[in-house]
$ cat query11.cif   # mmCIF, C-alpha atoms and all ligand atoms
data_protein
loop_
_atom_site.label_atom_id
_atom_site.label_comp_id
_atom_site.auth_asym_id
_atom_site.auth_seq_id
_atom_site.Cartn_x
_atom_site.Cartn_y
_atom_site.Cartn_z
CA MET A 6 0.00 0.00 0.00
CA GLU A 7 1.28 3.46 -0.94
CA PRO A 8 2.12 5.62 2.12
CA MET A 9 0.48 9.05 2.34
CA TYR A 10 2.96 11.88 1.72
CA ARG A 11 2.34 15.53 2.34
CA HIS A 12 5.04 18.14 1.85
CA SER A 13 5.34 21.92 2.00
CA SER A 14 8.34 24.10 2.87
CA ASP A 15 7.79 23.91 6.63
CA TYR A 16 5.58 20.84 7.07
CA HIS A 17 6.23 17.25 6.07
CA PHE A 18 4.11 14.18 6.82
CA LEU A 19 4.40 10.51 6.04
CA GLY A 20 1.77 7.95 7.04
CA TYR A 21 1.78 4.18 6.48
CA ARG A 22 -1.75 2.90 6.00
CA GLU A 23 -1.01 -0.75 6.79
CA ASN A 24 0.09 -0.11 10.39
CA GLY A 25 -0.94 3.49 11.15
CA PHE A 26 2.67 4.58 11.68
CA THR A 27 3.09 8.31 11.02
CA VAL A 28 5.99 10.79 11.11
CA ARG A 29 6.00 14.52 10.71
CA TRP A 30 8.76 17.08 10.63
CA GLY A 31 9.23 20.77 9.92
CA LYS A 32 11.71 22.72 7.79
CA THR A 33 14.38 20.36 9.01
CA LEU A 34 14.10 16.89 10.52
CA PRO A 35 14.53 17.95 14.19
CA GLU A 36 12.01 20.80 13.82
CA ASN A 37 8.37 20.37 14.80
CA PRO A 38 5.82 22.17 12.64
CA ILE A 39 3.31 24.29 14.60
CA ARG A 40 0.31 22.93 12.75
CA ALA A 41 -0.71 20.94 9.71
CA PRO A 42 -1.98 22.72 6.58
CA TRP A 43 -4.83 20.17 6.57
CA PRO A 44 -5.81 17.82 9.42
CA GLU A 45 -3.99 14.52 9.72
CA LEU A 46 -6.83 13.11 11.80
CA ALA A 47 -10.55 13.79 11.93
CA ASP A 48 -12.52 12.60 14.95
CA ILE A 49 -16.10 12.14 13.73
CA SER A 50 -19.07 11.43 15.94
CA VAL A 51 -21.39 9.39 13.73
CA SER A 52 -24.16 9.45 16.32
CA ASN A 53 -25.06 10.45 19.82
CA ARG A 54 -26.96 7.18 20.28
CA CYS A 55 -25.84 4.71 22.95
CA SER A 56 -27.79 2.30 25.16
CA LYS A 57 -25.06 1.58 27.72
CA GLY A 58 -25.95 4.55 29.95
CA CYS A 59 -22.52 5.19 31.58
CA ASP A 60 -23.05 7.67 34.41
CA PHE A 61 -19.86 9.53 33.45
CA CYS A 62 -20.59 9.93 29.70
CA TYR A 63 -19.27 13.32 28.61
CA ARG A 64 -21.53 13.27 25.54
CA ASP A 65 -24.63 12.46 27.57
CA SER A 66 -25.42 9.87 24.87
CA ARG A 67 -28.86 8.25 25.03
CA PRO A 68 -30.64 5.32 23.36
CA ASP A 69 -32.61 7.74 21.16
CA GLY A 70 -29.66 10.06 20.39
CA ALA A 71 -29.26 11.58 16.92
CA LEU A 72 -27.60 9.64 14.07
CA MET A 73 -25.51 11.12 11.27
CA SER A 74 -26.95 9.85 7.98
CA LEU A 75 -24.70 8.03 5.51
CA GLN A 76 -25.36 10.86 3.06
CA ASP A 77 -24.17 13.44 5.62
CA TYR A 78 -21.15 11.28 6.39
CA GLU A 79 -20.21 11.23 2.68
CA PHE A 80 -20.69 15.01 2.64
CA VAL A 81 -18.30 15.31 5.61
CA LEU A 82 -15.72 13.18 3.77
CA ASP A 83 -16.12 15.36 0.64
CA SER A 84 -15.68 18.47 2.80
CA LEU A 85 -12.52 16.99 4.29
CA THR A 86 -11.00 16.44 0.84
CA SER A 87 -8.80 19.30 -0.31
CA PRO A 88 -7.76 19.69 -3.95
CA LEU A 89 -4.27 20.54 -2.68
CA TRP A 90 -3.78 18.31 0.38
CA GLY A 91 -6.13 15.40 -0.19
CA THR A 92 -7.86 13.73 2.76
CA PRO A 93 -6.90 13.36 6.41
CA PHE A 94 -4.66 10.33 6.92
CA GLN A 95 -7.06 8.77 9.41
CA ILE A 96 -10.55 9.07 10.78
CA ALA A 97 -11.46 8.10 14.32
CA LEU A 98 -15.17 7.34 14.64
CA GLY A 99 -16.89 7.83 17.95
CA GLY A 100 -20.25 8.78 19.32
CA GLY A 101 -22.55 7.67 20.83
CA GLU A 102 -21.90 4.05 20.10
CA PRO A 103 -20.66 3.48 16.54
CA LEU A 104 -21.85 -0.15 16.60
CA GLU A 105 -25.42 1.03 17.25
CA HIS A 106 -25.34 2.95 13.96
CA PRO A 107 -27.35 0.83 11.48
CA GLN A 108 -25.01 1.78 8.61
CA ILE A 109 -21.69 1.46 10.39
CA LEU A 110 -20.26 -0.99 7.83
CA ASP A 111 -21.22 1.36 4.96
CA ILE A 112 -19.56 4.20 6.88
CA LEU A 113 -16.35 2.17 7.24
CA ASP A 114 -16.43 1.24 3.54
CA ALA A 115 -17.06 4.83 2.41
CA THR A 116 -13.97 5.88 4.38
CA ARG A 117 -11.73 3.09 3.10
CA ARG A 118 -12.76 3.70 -0.50
CA ARG A 119 -11.12 7.11 -0.18
CA GLY A 120 -7.86 5.59 1.05
CA ILE A 121 -8.38 6.85 4.61
CA VAL A 122 -7.45 4.66 7.59
CA VAL A 123 -10.57 4.31 9.75
CA ASN A 124 -10.60 3.42 13.45
CA PHE A 125 -13.38 3.49 15.99
CA THR A 126 -13.98 3.36 19.69
CA THR A 127 -16.77 1.18 21.11
CA ASN A 128 -18.20 -0.16 24.34
CA GLY A 129 -17.97 -3.55 22.59
CA LEU A 130 -21.38 -4.77 23.75
CA ALA A 131 -22.61 -5.48 20.21
CA LEU A 132 -19.44 -7.27 19.19
CA ASP A 133 -19.98 -10.93 18.28
CA ALA A 134 -18.20 -13.41 15.98
CA SER A 135 -20.06 -12.39 12.81
CA LEU A 136 -19.47 -8.67 13.38
CA ALA A 137 -15.79 -9.35 14.18
CA THR A 138 -15.53 -11.22 10.85
CA ALA A 139 -17.20 -8.31 9.03
CA LEU A 140 -14.71 -5.87 10.61
CA LYS A 141 -11.68 -7.81 9.37
CA GLY A 142 -9.89 -5.72 6.72
CA ARG A 143 -12.29 -2.82 7.22
CA VAL A 144 -10.57 -0.99 10.13
CA GLY A 145 -7.09 0.06 11.16
CA ALA A 146 -7.81 -0.60 14.83
CA ILE A 147 -10.63 -0.68 17.34
CA ALA A 148 -10.57 0.77 20.84
CA LEU A 149 -12.69 -0.97 23.47
CA SER A 150 -13.67 1.27 26.37
CA VAL A 151 -13.85 0.27 30.01
CA ALA A 152 -14.05 2.15 33.30
CA ALA A 153 -12.82 -0.83 35.35
CA LEU A 154 -11.03 -4.11 34.66
CA SER A 155 -14.19 -6.04 35.65
CA GLU A 156 -15.71 -4.73 32.38
CA TYR A 157 -12.82 -6.12 30.32
CA ASP A 158 -13.98 -9.04 28.19
CA GLY A 159 -10.93 -10.96 26.97
CA ALA A 160 -13.11 -13.26 24.81
CA ARG A 161 -14.41 -10.26 22.84
CA VAL A 162 -10.88 -8.99 22.32
CA ARG A 163 -9.88 -12.44 21.05
CA LEU A 164 -12.76 -12.33 18.54
CA LEU A 165 -10.89 -9.38 17.05
CA SER A 166 -7.24 -10.38 17.53
CA SER A 167 -7.85 -13.91 16.17
CA ARG A 168 -9.11 -12.28 12.94
CA GLY A 169 -6.12 -9.96 12.74
CA VAL A 170 -8.09 -6.88 13.86
CA ARG A 171 -5.96 -4.73 16.15
CA ALA A 172 -7.63 -3.80 19.46
CA HIS A 173 -6.60 -1.25 22.11
CA LEU A 174 -8.16 -0.64 25.47
CA HIS A 175 -9.45 2.81 26.45
CA PHE A 176 -9.25 2.82 30.24
CA LEU A 177 -11.10 5.64 31.99
CA LEU A 178 -8.91 7.14 34.67
CA ASP A 179 -10.39 8.56 37.85
CA GLN A 180 -10.16 7.96 41.58
CA ASN A 181 -12.17 4.75 41.28
CA SER A 182 -9.91 3.20 38.67
CA LEU A 183 -6.53 4.64 39.69
CA GLY A 184 -5.65 1.58 41.81
CA GLU A 185 -6.17 -0.71 38.81
CA ALA A 186 -4.28 1.74 36.59
CA VAL A 187 -1.27 1.41 38.93
CA GLU A 188 -1.52 -2.38 38.62
CA ILE A 189 -1.74 -2.20 34.81
CA ALA A 190 1.31 0.09 34.66
CA CYS A 191 3.18 -2.29 36.99
CA GLY A 192 2.50 -5.15 34.55
CA LYS A 193 0.29 -7.09 36.97
CA HIS A 194 -2.38 -7.63 34.28
CA ASP A 195 -0.08 -8.24 31.30
CA GLY A 196 -1.44 -11.80 31.01
CA LEU A 197 -5.07 -10.70 31.02
CA LEU A 198 -4.39 -7.91 28.54
CA GLN A 199 -2.01 -9.83 26.27
CA ASP A 200 -4.23 -9.74 23.15
CA LEU A 201 -4.34 -5.95 23.13
CA SER A 202 -2.00 -3.79 21.11
CA GLY A 203 -2.04 -1.11 23.80
CA VAL A 204 -3.82 0.56 26.69
CA VAL A 205 -4.72 4.25 26.49
CA PHE A 206 -5.61 6.01 29.75
CA LEU A 207 -8.32 8.65 29.38
CA THR A 208 -8.54 11.18 32.19
CA ARG A 209 -12.19 11.57 33.19
CA LYS A 210 -13.43 15.10 32.50
CA PRO A 211 -16.34 16.78 34.29
CA GLN A 212 -18.63 17.13 31.32
CA GLY A 213 -22.04 15.78 30.28
CA ARG A 214 -23.17 13.21 32.87
CA SER A 215 -19.81 13.23 34.67
CA SER A 216 -19.78 15.17 37.93
CA LEU A 217 -16.71 16.64 39.61
CA GLU A 218 -16.86 13.86 42.17
CA GLY A 219 -14.25 11.14 41.83
CA LEU A 220 -12.02 12.98 39.34
CA LEU A 221 -8.29 12.36 39.65
CA ARG A 222 -6.71 14.44 42.41
CA PHE A 223 -3.17 15.75 42.26
CA GLU A 224 -2.70 15.08 46.00
CA ASP A 225 -3.57 11.39 45.64
CA PRO A 226 -0.26 9.56 46.32
CA ARG A 227 -1.31 6.80 43.91
CA LEU A 228 -1.04 9.26 41.02
CA ASN A 229 2.71 9.59 41.49
CA GLU A 230 3.00 5.83 41.98
CA PHE A 231 1.15 5.39 38.68
CA LEU A 232 3.37 7.86 36.79
CA ASP A 233 6.51 6.29 38.28
CA ALA A 234 5.35 2.87 37.06
CA VAL A 235 4.59 4.28 33.58
CA ALA A 236 8.07 5.87 33.46
CA SER A 237 9.66 2.60 34.51
CA THR A 238 7.93 0.74 31.64
CA TYR A 239 7.26 -2.32 33.83
CA SER A 240 4.32 -3.40 31.65
CA ARG A 241 5.01 -5.19 28.35
CA ILE A 242 1.81 -3.64 26.95
CA PRO A 243 2.41 -0.28 25.23
CA LEU A 244 0.77 2.45 27.33
CA GLY A 245 -0.59 5.76 26.09
CA PHE A 246 -2.59 8.78 27.29
CA ASP A 247 -5.05 11.25 25.89
CA ALA A 248 -3.80 14.76 25.22
CA CYS A 249 -5.29 16.21 28.42
CA ALA A 250 -2.73 14.27 30.46
CA VAL A 251 0.26 15.81 28.67
CA PRO A 252 1.02 18.66 31.15
CA LEU A 253 0.85 16.14 34.01
CA LEU A 254 3.16 13.67 32.22
CA LEU A 255 5.67 16.37 31.34
CA HIS A 256 5.58 17.87 34.83
CA HIS A 257 6.30 14.47 36.36
CA GLY A 258 9.74 14.69 34.80
CA ARG A 259 10.71 11.03 34.45
CA ILE A 260 8.82 10.28 31.24
CA ASP A 261 10.85 10.98 28.11
CA PRO A 262 9.38 14.18 26.57
CA GLN A 263 10.36 12.84 23.13
CA THR A 264 7.59 10.24 23.57
CA ILE A 265 4.93 12.88 24.35
CA ASP A 266 3.05 15.07 21.88
CA ALA A 267 1.32 18.23 23.10
CA CYS A 268 -2.43 18.50 22.47
CA GLU A 269 -3.03 18.33 18.70
CA CYS A 270 -6.65 19.50 18.66
CA GLY A 271 -7.20 22.22 16.08
CA PHE A 272 -3.51 22.05 15.08
CA PHE A 273 -3.24 18.56 13.56
CA SER A 274 -6.68 17.12 14.26
CA VAL A 275 -10.29 18.19 14.15
CA TYR A 276 -13.63 17.07 15.60
CA ILE A 277 -16.94 16.92 13.73
CA ASP A 278 -20.16 16.01 15.54
CA GLU A 279 -23.29 14.24 14.27
CA ASN A 280 -24.88 17.62 13.47
CA LEU A 281 -21.88 18.49 11.26
CA GLU A 282 -20.48 21.04 13.67
CA VAL A 283 -16.69 21.35 13.35
CA ARG A 284 -14.73 22.07 16.55
CA PRO A 285 -11.08 21.67 17.57
CA CYS A 286 -11.88 18.93 20.07
CA SER A 287 -14.73 16.63 21.09
CA PHE A 288 -14.74 18.17 24.57
CA SER A 289 -15.32 21.75 23.40
CA LYS A 290 -19.00 22.52 23.87
CA SER A 291 -21.31 23.07 20.92
CA GLY A 292 -20.97 26.66 19.72
CA GLN A 293 -17.54 27.01 21.39
CA ASN A 294 -15.09 27.52 18.51
CA GLY A 295 -17.65 25.61 16.41
CA TRP A 296 -18.86 26.18 12.86
CA ASN A 297 -21.30 24.10 10.88
CA LEU A 298 -20.19 22.49 7.62
CA ARG A 299 -23.57 23.39 6.13
CA ASP A 300 -22.72 27.10 6.59
CA VAL A 301 -18.93 27.33 6.20
CA ASP A 302 -16.61 25.21 4.07
CA PHE A 303 -14.02 23.15 5.88
CA GLY A 304 -11.00 24.96 4.37
CA THR A 305 -12.25 28.29 5.76
CA ILE A 306 -12.85 26.77 9.19
CA TRP A 307 -9.41 25.18 9.32
CA GLU A 308 -7.51 28.15 7.88
CA GLU A 309 -9.42 31.14 9.24
CA ARG A 310 -11.97 30.31 11.94
CA PHE A 311 -9.56 28.27 14.08
CA ALA A 312 -6.93 31.04 13.99
CA ASP A 313 -8.06 32.76 17.23
CA TYR A 314 -8.33 29.46 19.08
CA ARG A 315 -4.81 28.54 17.95
CA SER A 316 -3.26 31.81 19.03
CA ARG A 317 -4.94 31.55 22.45
CA GLN A 318 -3.71 27.96 22.78
CA SER A 319 -0.18 28.89 21.74
CA ALA A 320 0.07 31.78 24.24
CA ASP A 321 2.67 30.93 26.84
CA LEU A 322 0.60 31.03 30.04
CA CYS A 323 2.59 28.68 32.22
CA SER A 324 4.51 30.34 35.03
CA ARG A 325 5.91 27.22 36.67
CA SER A 326 9.35 25.79 36.28
CA CYS A 327 9.15 22.26 35.07
CA PRO A 328 11.41 19.73 33.36
CA GLY A 329 8.96 19.42 30.46
CA ARG A 330 8.47 23.16 29.96
CA ALA A 331 9.96 23.32 26.45
CA HIS A 332 7.67 20.58 25.20
CA CYS A 333 4.39 21.69 26.77
CA ARG A 334 1.63 23.76 25.24
CA GLY A 335 0.19 24.31 28.72
CA LYS A 336 -3.00 23.40 30.43
CA CYS A 337 -6.23 22.48 28.73
CA PRO A 338 -8.38 25.63 28.95
CA LEU A 339 -11.53 23.50 29.09
CA PHE A 340 -10.80 21.59 32.30
CA PRO A 341 -8.77 23.47 34.93
CA GLU A 342 -9.92 20.81 37.45
CA ILE A 343 -7.63 18.20 35.91
CA SER A 344 -4.77 20.47 34.77
CA PHE A 345 -2.77 19.48 37.81
CA CYS A 346 0.53 21.12 37.07
CA TYR A 347 -1.19 24.52 37.33
CA GLN A 348 -2.12 24.01 40.94
CA SER A 349 0.29 25.54 43.40
C1 LIG B 401 -18.06 8.86 24.60
S1 LIG B 401 -17.41 7.27 24.18
C2 LIG B 401 -18.13 7.03 22.58
C3 LIG B 401 -17.65 5.79 21.88
C4 LIG B 401 -18.11 4.46 22.42
N1 LIG B 401 -19.47 4.42 22.85
C5 LIG B 401 -17.19 3.95 23.53
O1 LIG B 401 -17.68 3.53 24.58
O2 LIG B 401 -15.99 3.94 23.32
C6 LIG B 401 -15.71 7.62 23.75
C7 LIG B 401 -14.74 7.51 24.87
O3 LIG B 401 -14.99 8.55 25.80
C8 LIG B 401 -14.76 8.06 27.09
N2 LIG B 401 -15.47 8.92 28.03
C9 LIG B 401 -16.78 8.94 28.32
N3 LIG B 401 -17.04 9.87 29.24
C10 LIG B 401 -15.88 10.47 29.56
C11 LIG B 401 -15.51 11.52 30.45
N4 LIG B 401 -16.40 12.11 31.24
N5 LIG B 401 -14.22 11.89 30.47
C12 LIG B 401 -13.29 11.28 29.69
N6 LIG B 401 -13.57 10.27 28.84
C13 LIG B 401 -14.86 9.87 28.77
C14 LIG B 401 -15.29 6.63 27.04
O4 LIG B 401 -14.76 5.85 28.08
C15 LIG B 401 -14.81 6.21 25.66
O5 LIG B 401 -13.53 5.64 25.73
#

$ encode --input "query11.cif" --output "structure tokens"
Amino acid sequence: MEPMYRHSSDYHFLGYRENGFTVRWGKTLPENPIRAPWPELADISVSNRCSKGCDFCYRDSRPDGALMSLQDYEFVLDSLTSPLWGTPFQIALGGGEPLEHPQILDILDATRRRGIVVNFTTNGLALDASLATALKGRVGAIALSVAALSEYDGARVRLLSSRGVRAHLHFLLDQNSLGEAVEIACGKHDGLLQDLSGVVFLTRKPQGRSSLEGLLRFEDPRLNEFLDAVASTYSRIPLGFDACAVPLLLHHGRIDPQTIDACECGFFSVYIDENLEVRPCSFSKSGQNGWNLRDVDFGTIWEERFADYRSRQSADLCSRSCPGRAHCRGKCPLFPEISFCYQS
């Protein structure tokens, strides 16, 4: 399969479709470009429909939530196709629950037909042998979400891995799950998790149905224990984090900053919801730095409308000394409650 190349004078990108491996560089190899001229990744919510009813769901998804039609999805893909830059390298589908979308397989096929790597995140409840067979060759990878290890279903993961479909775990991180997160980072569950290609820890944010109660706390001694274990790479399973954890990881000081990318939302990636609203990130509220694709073309949103957001995000607001200072873009403006390195 041909890799995706994208080159300009100060931005270079190379993406391998068969394994999702990507590299980018700036004017010279050691330089990092500030942003991409066209998104590398689009995070698309194909519905806000989900029957699982998690009490922490930041999207407040419900069994009768809205669906994006296949026609609208194709329109989104057309909008994301630039005559100059082509398409994003990959699309991450979310929701809602993608597997509750009646046309999910058509959505995957429409994406692949355009040469885009498509991944999705799911609660996994609808996953059975026939669906796992249908997913083979259709996706780059699938993320299964859990809020505790008791929800982890190794048999479901094997349905995927035995068919050559790569599966990660999205592990929600809060006070309730931090003890298990320490164990995962220490390698205690490597056997249980052996069929996964990685575990990504998602810091719980106070949005939608999630209250402030039970969020991670900087003073919790287990947090340092967890970061120490991550830095020591005890677990054989590759571990990752969502972008909101970056200031915390960099501030910790023992995790190699070369392995950490600052938040890419609105700089290298974009979010589009089921109503076709384009925002830098899935956590920004509707109307907050959001423009609808029915009103404004994507190129204008990416080039012009995101400009203010980017300059605010790039402003150097951090006043603390920190080993990761040079690599950090600072706290997430959306969730001061979990931007720990800003607390004195
Ligand atoms: C909203 S779900 C939608 C996709 C799919 N239904 C799933 O379960 O993966 C996407 C991801 O967001 C995570 N999530 C839900 N509520 C969250 C919150 N309050 N803070 C951080 N992540 C959250 C879920 O655990 C899941 O991994």

$ atom_distance --input "query11.cif" --atom1 "CA of Ser287 in chain A" --atom2 "CA of Ser50 in chain A"
8.5 Å

$ residues_near_ligand --input "query11.cif" --ligand "ligand LIG 401 (chain B)" --cutoff "9 Å" --atoms "all atoms listed in the file" --output "ChimeraX atom specification"
/A:50,53-57,59-66,98-105,125-129,148-152,174-179,205-216,288

$ atom_distance --input "query11.cif" --atom1 "CA of Pro44 in chain A" --atom2 "CA of Pro93 in chain A"
5.5 Å

$ residues_around --input "query11.cif" --residues "Gln95 in chain A" --least-positions-apart "2" --cutoff "8 Å" --atoms "only C-alpha atoms" --output "ChimeraX atom specification"
/A:45-47,93,97,121-124

$ residues_around --input "query11.cif" --residues "Ala41 in chain A" --least-positions-apart "4" --cutoff "10 Å" --atoms "all atoms listed in the file" --output "ChimeraX atom specification"
/A:11,13,15-18,29,31,45,269,271-274,307

$ write_last_selection --input "query11.cif" --atoms "C-alpha atoms" --output "mmCIF file, in the coordinates of the input"
data_model
loop_
_atom_site.group_PDB
_atom_site.id
_atom_site.type_symbol
_atom_site.label_atom_id
_atom_site.label_comp_id
_atom_site.auth_asym_id
_atom_site.auth_seq_id
_atom_site.Cartn_x
_atom_site.Cartn_y
_atom_site.Cartn_z
ATOM 1 C CA ARG A 11 2.340 15.530 2.340
ATOM 2 C CA SER A 13 5.340 21.920 2.000
ATOM 3 C CA ASP A 15 7.790 23.910 6.630
ATOM 4 C CA TYR A 16 5.580 20.840 7.070
ATOM 5 C CA HIS A 17 6.230 17.250 6.070
ATOM 6 C CA PHE A 18 4.110 14.180 6.820
ATOM 7 C CA ARG A 29 6.000 14.520 10.710
ATOM 8 C CA GLY A 31 9.230 20.770 9.920
ATOM 9 C CA GLU A 45 -3.990 14.520 9.720
ATOM 10 C CA GLU A 269 -3.030 18.330 18.700
ATOM 11 C CA GLY A 271 -7.200 22.220 16.080
ATOM 12 C CA PHE A 272 -3.510 22.050 15.080
ATOM 13 C CA PHE A 273 -3.240 18.560 13.560
ATOM 14 C CA SER A 274 -6.680 17.120 14.260
ATOM 15 C CA TRP A 307 -9.410 25.180 9.320
#

$ atom_distance --input "query11.cif" --atom1 "CA of Ala134 in chain A" --atom2 "CA of Leu164 in chain A"
6.1 Å

$ closest_residue --input "query11.cif" --among "A:Val283, A:Leu110, A:Leu298, A:Val162" --to "Asp200 in chain A" --atoms "only C-alpha atoms"
A:Val162

$ closest_residue --input "query11.cif" --among "A:Pro38, A:Ser52, A:Asp266, A:Asp313" --to "Arg67 in chain A" --atoms "only C-alpha atoms"
A:Ser52

$ closest_residue --input "query11.cif" --among "A:Ser84, A:Thr116, A:Ala71, A:Tyr314" --to "Val301 in chain A" --atoms "all atoms listed in the file"
A:Ser84

$ closest_residue --input "query11.cif" --among "A:Arg310, A:Arg299, A:His194, A:Arg222" --to "Asp77 in chain A" --atoms "only C-alpha atoms"
A:Arg299

$ closest_residue --input "query11.cif" --among "A:Glu279, A:Asp261, A:Glu36, A:Asp114" --to "Leu72 in chain A" --atoms "all atoms listed in the file"
A:Glu279

$ closest_residue --input "query11.cif" --among "A:Arg259, A:Arg171, A:Lys193, A:Arg117" --to "Leu154 in chain A" --atoms "all atoms listed in the file"
A:Lys193

$ decode --input "query11.cif" --residues "range 111-125 of chain A" --atoms "N, CA, C and O atoms" --output "tab-separated table (two decimals), in the first residue's frame"
chain	number	residue	atom	x	y	z
A	111	ASP	N	-21.26	0.47	6.14
A	111	ASP	CA	-21.22	1.36	4.96
A	111	ASP	C	-20.32	2.58	5.25
A	111	ASP	O	-19.60	3.06	4.37
A	112	ILE	N	-20.39	3.05	6.49
A	112	ILE	CA	-19.56	4.20	6.88
A	112	ILE	C	-18.07	3.83	6.80
A	112	ILE	O	-17.24	4.57	6.27
A	113	LEU	N	-17.75	2.63	7.30
A	113	LEU	CA	-16.35	2.17	7.24
A	113	LEU	C	-15.92	2.05	5.78
A	113	LEU	O	-14.82	2.49	5.39
A	114	ASP	N	-16.79	1.46	4.95
A	114	ASP	CA	-16.43	1.24	3.54
A	114	ASP	C	-16.26	2.57	2.80
A	114	ASP	O	-15.34	2.72	1.99
A	115	ALA	N	-17.15	3.53	3.09
A	115	ALA	CA	-17.06	4.83	2.41
A	115	ALA	C	-15.71	5.49	2.73
A	115	ALA	O	-15.09	6.15	1.89
A	116	THR	N	-15.23	5.28	3.95
A	116	THR	CA	-13.97	5.88	4.38
A	116	THR	C	-12.79	5.19	3.69
A	116	THR	O	-11.89	5.84	3.15
A	117	ARG	N	-12.84	3.86	3.70
A	117	ARG	CA	-11.73	3.09	3.10
A	117	ARG	C	-11.61	3.33	1.60
A	117	ARG	O	-10.52	3.39	1.06
A	118	ARG	N	-12.77	3.46	0.95
A	118	ARG	CA	-12.76	3.70	-0.50
A	118	ARG	C	-11.95	4.94	-0.86
A	118	ARG	O	-11.41	5.05	-1.94
A	119	ARG	N	-11.88	5.88	0.08
A	119	ARG	CA	-11.12	7.11	-0.18
A	119	ARG	C	-9.66	6.99	0.27
A	119	ARG	O	-8.94	7.98	0.33
A	120	GLY	N	-9.26	5.81	0.66
A	120	GLY	CA	-7.86	5.59	1.05
A	120	GLY	C	-7.55	6.10	2.44
A	120	GLY	O	-6.38	6.31	2.80
A	121	ILE	N	-8.59	6.33	3.25
A	121	ILE	CA	-8.38	6.85	4.61
A	121	ILE	C	-8.39	5.68	5.60
A	121	ILE	O	-9.27	4.80	5.52
A	122	VAL	N	-7.45	5.68	6.53
A	122	VAL	CA	-7.45	4.66	7.59
A	122	VAL	C	-8.58	5.00	8.56
A	122	VAL	O	-8.69	6.14	9.02
A	123	VAL	N	-9.45	4.02	8.85
A	123	VAL	CA	-10.57	4.31	9.75
A	123	VAL	C	-10.49	3.43	10.99
A	123	VAL	O	-10.25	2.23	10.93
A	124	ASN	N	-10.64	4.08	12.15
A	124	ASN	CA	-10.60	3.42	13.45
A	124	ASN	C	-11.88	3.79	14.19
A	124	ASN	O	-12.49	4.81	13.86
A	125	PHE	N	-12.28	3.01	15.16
A	125	PHE	CA	-13.38	3.49	15.99
A	125	PHE	C	-13.26	3.02	17.42
A	125	PHE	O	-12.51	2.09	17.72
